[in-house]
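Participant: File name entry.pdb; file contents PDB, C-alpha atoms; full text below.
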```pdb
ATOM      1  CA  MET A   1       0.000   0.000   0.000
ATOM      2  CA  ASN A   2       1.218   3.486  -0.687
ATOM      3  CA  THR A   3       1.727   6.102   2.011
ATOM      4  CA  ALA A   4      -1.377   8.127   1.117
ATOM      5  CA  VAL A   5      -3.604   5.046   1.414
ATOM      6  CA  ASN A   6      -2.006   4.111   4.760
ATOM      7  CA  LYS A   7      -2.582   7.628   6.115
ATOM      8  CA  TYR A   8      -6.212   7.533   4.964
ATOM      9  CA  GLU A   9      -6.802   4.119   6.554
ATOM     10  CA  ASN A  10      -5.179   5.176   9.837
ATOM     11  CA  ARG A  11      -7.237   8.386   9.930
ATOM     12  CA  ARG A  12     -10.433   6.463   9.154
ATOM     13  CA  LYS A  13      -9.742   3.944  11.948
ATOM     14  CA  THR A  14      -9.062   6.759  14.421
ATOM     15  CA  GLU A  15     -12.167   8.716  13.398
ATOM     16  CA  SER A  16     -14.444   5.672  13.689
ATOM     17  CA  LYS A  17     -13.150   4.958  17.190
ATOM     18  CA  ILE A  18     -13.582   8.583  18.289
ATOM     19  CA  LEU A  19     -17.147   8.910  16.986
ATOM     20  CA  VAL A  20     -18.409   5.843  18.855
ATOM     21  CA  SER A  21     -18.566   5.972  22.644
ATOM     22  CA  ARG A  22     -17.534   3.075  24.852
ATOM     23  CA  ASP A  23     -21.134   2.879  26.023
ATOM     24  CA  MET A  24     -22.346   2.480  22.420
ATOM     25  CA  ILE A  25     -19.715  -0.196  21.750
ATOM     26  CA  GLU A  26     -20.880  -2.120  24.837
ATOM     27  CA  LYS A  27     -24.548  -1.871  23.831
ATOM     28  CA  VAL A  28     -23.784  -3.126  20.328
ATOM     29  CA  TRP A  29     -21.580  -5.942  21.726
ATOM     30  CA  GLU A  30     -24.537  -7.148  23.800
ATOM     31  CA  ASN A  31     -26.478  -7.670  20.535
ATOM     32  CA  GLY A  32     -23.958 -10.218  19.237
ATOM     33  CA  ARG A  33     -24.711 -13.938  19.384
ATOM     34  CA  ILE A  34     -23.515 -15.672  22.550
ATOM     35  CA  ILE A  35     -21.404 -18.776  21.856
ATOM     36  CA  ASN A  36     -22.154 -21.665  24.209
ATOM     37  CA  GLY A  37     -19.144 -22.660  26.289
ATOM     38  CA  HIS A  38     -17.252 -19.395  25.687
ATOM     39  CA  ASP A  39     -16.988 -16.213  27.756
ATOM     40  CA  PRO A  40     -19.656 -13.814  26.385
ATOM     41  CA  ASN A  41     -17.656 -10.855  27.688
ATOM     42  CA  ARG A  42     -14.832 -11.773  25.301
ATOM     43  CA  TYR A  43     -16.315 -13.812  22.405
ATOM     44  CA  ARG A  44     -19.456 -13.457  20.308
ATOM     45  CA  GLN A  45     -20.568 -14.185  16.755
ATOM     46  CA  ASP A  46     -22.047 -11.828  14.215
ATOM     47  CA  ASP A  47     -25.218 -12.703  12.305
ATOM     48  CA  CYS A  48     -23.129 -14.357   9.575
ATOM     49  CA  GLY A  49     -21.621 -16.756  12.111
ATOM     50  CA  ALA A  50     -18.133 -15.196  12.210
ATOM     51  CA  TRP A  51     -16.363 -15.039  15.576
ATOM     52  CA  ILE A  52     -15.566 -11.597  16.972
ATOM     53  CA  ILE A  53     -13.510 -10.637  20.023
ATOM     54  CA  ARG A  54     -14.660  -7.785  22.276
ATOM     55  CA  ASP A  55     -11.371  -5.876  22.424
ATOM     56  CA  ARG A  56     -10.848  -6.077  18.652
ATOM     57  CA  TYR A  57     -13.476  -3.416  17.900
ATOM     58  CA  GLY A  58     -12.292  -1.349  14.925
ATOM     59  CA  SER A  59      -9.347  -3.663  14.193
ATOM     60  CA  LYS A  60      -8.810  -4.717  10.602
ATOM     61  CA  ASP A  61      -5.523  -6.364  11.554
ATOM     62  CA  SER A  62      -7.386  -9.392  12.914
ATOM     63  CA  SER A  63      -9.891 -11.820  11.442
ATOM     64  CA  TYR A  64     -11.774 -11.371  14.753
ATOM     65  CA  GLY A  65     -12.027  -7.585  14.404
ATOM     66  CA  TRP A  66     -15.497  -6.100  14.217
ATOM     67  CA  GLU A  67     -17.455  -2.952  13.509
ATOM     68  CA  ILE A  68     -20.985  -1.706  14.039
ATOM     69  CA  ASP A  69     -23.547  -2.726  11.441
ATOM     70  CA  LYS A  70     -25.626   0.417  11.030
ATOM     71  CA  ASN A  71     -28.083  -1.215   8.637
ATOM     72  CA  PRO A  72     -28.697  -4.747   9.896
ATOM     73  CA  GLU A  73     -31.412  -6.880   8.347
ATOM     74  CA  ASN A  74     -33.195  -9.767   9.916
ATOM     75  CA  LYS A  75     -33.750 -13.054   8.087
ATOM     76  CA  ASN A  76     -36.947 -11.741   6.515
ATOM     77  CA  GLY A  77     -34.982  -8.935   4.859
ATOM     78  CA  SER A  78     -36.693  -6.153   6.772
ATOM     79  CA  SER A  79     -34.783  -3.443   8.609
ATOM     80  CA  ASN A  80     -33.996  -4.001  12.257
ATOM     81  CA  SER A  81     -33.597  -0.923  14.439
ATOM     82  CA  LYS A  82     -31.081  -2.668  16.699
ATOM     83  CA  LEU A  83     -27.406  -2.016  15.901
ATOM     84  CA  LYS A  84     -25.362  -5.203  15.760
ATOM     85  CA  PRO A  85     -21.707  -6.160  15.743
ATOM     86  CA  ILE A  86     -20.373  -7.449  12.436
ATOM     87  CA  GLN A  87     -16.979  -8.932  11.580
ATOM     88  CA  TRP A  88     -15.144  -6.231   9.616
ATOM     89  CA  GLU A  89     -14.761  -8.196   6.358
ATOM     90  CA  ASN A  90     -18.436  -9.162   6.469
ATOM     91  CA  LYS A  91     -19.307  -5.477   6.719
ATOM     92  CA  GLU A  92     -17.193  -4.698   3.660
ATOM     93  CA  PHE A  93     -18.748  -7.591   1.708
ATOM     94  CA  LYS A  94     -22.219  -6.412   2.717
ATOM     95  CA  ASN A  95     -21.459  -2.808   1.733
ATOM     96  CA  ILE A  96     -20.612  -3.858  -1.828
ATOM     97  CA  GLY A  97     -23.544  -6.284  -2.077
ATOM     98  CA  MET A  98     -21.520  -9.516  -1.882
ATOM     99  CA  ASN A  99     -23.632 -11.270   0.737
ATOM    100  CA  ASN A 100     -22.541 -14.701  -0.521
ATOM    101  CA  GLY A 101     -18.851 -13.944   0.201
ATOM    102  CA  MET A 102     -19.305 -13.729   3.942
ATOM    103  CA  VAL A 103     -16.739 -14.807   6.537
ATOM    104  CA  LYS A 104     -18.022 -17.673   8.680
ATOM    105  CA  ALA A 105     -16.582 -19.749  11.498
ATOM    106  CA  VAL A 106     -15.447 -23.343  11.347
ATOM    107  CA  GLY A 107     -14.879 -24.248  14.973
ATOM    108  CA  PRO A 108     -13.191 -21.259  16.585
ATOM    109  CA  LYS A 109     -11.568 -20.060  13.310
ATOM    110  CA  ASN A 110     -12.973 -17.620  10.793
ATOM    111  CA  ILE A 111     -12.685 -18.639   7.153
TER     112      ILE A 111
END
```
Represent the structure from my file as structure tokens, please.
Facilitator:
Amino acid sequence: MNTAVNKYENRRKTESKILVSRDMIEKVWENGRIINGHDPNRYRQDDCGAWIIRDRYGSKDSSYGWEIDKNPENKNGSSNSKLKPIQWENKEFKNIGMNNGMVKAVGPKNI
């Protein structure tokens, strides 16, 4: 990546973290799927089935990083007013309309 792209990405990461309060992050985290047998304060799954880790909010350096899905849909395709956590690559796939390219978990690994 060139320097200009790196600066843009770093600025975007910083801005997204600043604009979202810790309280909002916690509320959104609570909307993630609880995984039986795993600490719900540390691990959850997004609606696609990808694992996310609580302290990896905003991290694109990890396959367990996550962001806030501002336009979640339920299985019927209708809008849901509740904000949800979404694995960062799944959010990017969703934003470009590639819903069939979603990251999912096999055991505790995202693929």
Participant: Given the file above and the PyMOL selection byres ((chain A and resi 46) around 7), which residues are selected, and can you give them as a VMD selection string?
Facilitator: chain A and resid 32 to 33 44 to 45 47 to 51 85 to 87
Participant: Which residue, A:Met98, A:Ile53, A:Glu67, A:Asp23, has the smallest gap to Lys84 (chain A) when you use only C-alpha atoms?
Facilitator: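 The closest residue to Lys84 (chain A) is A:Glu67.
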Participant: A:Ile52, A:Lys82, A:Arg22, A:Ile111: which is nearest Ile35 (chain A), counting only C-alpha atoms?
Facilitator: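 Comparing A:Ile52, A:Lys82, A:Arg22, A:Ile111 against Ile35 (chain A), the winner is A:Ile52.
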Participant: What's around Ile25 (chain A) at 12 Å? Count only C-alpha atoms, leave out sequence neighbours fewer than 2 positions away in its own chain, and write the answer as a PDB file with C-alpha atoms, keeping the file's coordinate frame.
Facilitator:
```pdb
ATOM      1  CA  SER A  16     -14.444   5.672  13.689  1.00  0.00           C
ATOM      2  CA  LYS A  17     -13.150   4.958  17.190  1.00  0.00           C
ATOM      3  CA  ILE A  18     -13.582   8.583  18.289  1.00  0.00           C
ATOM      4  CA  LEU A  19     -17.147   8.910  16.986  1.00  0.00           C
ATOM      5  CA  VAL A  20     -18.409   5.843  18.855  1.00  0.00           C
ATOM      6  CA  SER A  21     -18.566   5.972  22.644  1.00  0.00           C
ATOM      7  CA  ARG A  22     -17.534   3.075  24.852  1.00  0.00           C
ATOM      8  CA  ASP A  23     -21.134   2.879  26.023  1.00  0.00           C
ATOM      9  CA  LYS A  27     -24.548  -1.871  23.831  1.00  0.00           C
ATOM     10  CA  VAL A  28     -23.784  -3.126  20.328  1.00  0.00           C
ATOM     11  CA  TRP A  29     -21.580  -5.942  21.726  1.00  0.00           C
ATOM     12  CA  GLU A  30     -24.537  -7.148  23.800  1.00  0.00           C
ATOM     13  CA  ASN A  31     -26.478  -7.670  20.535  1.00  0.00           C
ATOM     14  CA  GLY A  32     -23.958 -10.218  19.237  1.00  0.00           C
ATOM     15  CA  ARG A  54     -14.660  -7.785  22.276  1.00  0.00           C
ATOM     16  CA  ASP A  55     -11.371  -5.876  22.424  1.00  0.00           C
ATOM     17  CA  ARG A  56     -10.848  -6.077  18.652  1.00  0.00           C
ATOM     18  CA  TYR A  57     -13.476  -3.416  17.900  1.00  0.00           C
ATOM     19  CA  GLY A  58     -12.292  -1.349  14.925  1.00  0.00           C
ATOM     20  CA  TRP A  66     -15.497  -6.100  14.217  1.00  0.00           C
ATOM     21  CA  GLU A  67     -17.455  -2.952  13.509  1.00  0.00           C
ATOM     22  CA  ILE A  68     -20.985  -1.706  14.039  1.00  0.00           C
ATOM     23  CA  ASP A  69     -23.547  -2.726  11.441  1.00  0.00           C
ATOM     24  CA  LEU A  83     -27.406  -2.016  15.901  1.00  0.00           C
ATOM     25  CA  LYS A  84     -25.362  -5.203  15.760  1.00  0.00           C
ATOM     26  CA  PRO A  85     -21.707  -6.160  15.743  1.00  0.00           C
ATOM     27  CA  ILE A  86     -20.373  -7.449  12.436  1.00  0.00           C
TER      28      ILE A  86
END
```
Participant: Go ahead and compute the interatomic distance for CA of His38 (chain A) and CA of Tyr64 (chain A), in Å to one decimal.
Facilitator: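 Taking CA of His38 (chain A) and CA of Tyr64 (chain A), their separation equals 14.6 Å.
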Participant: Could you jot down the CA of Ser63 (chain A) to CA of Lys109 (chain A) separation for me, Å, one decimal place?
Facilitator: 8.6 Å
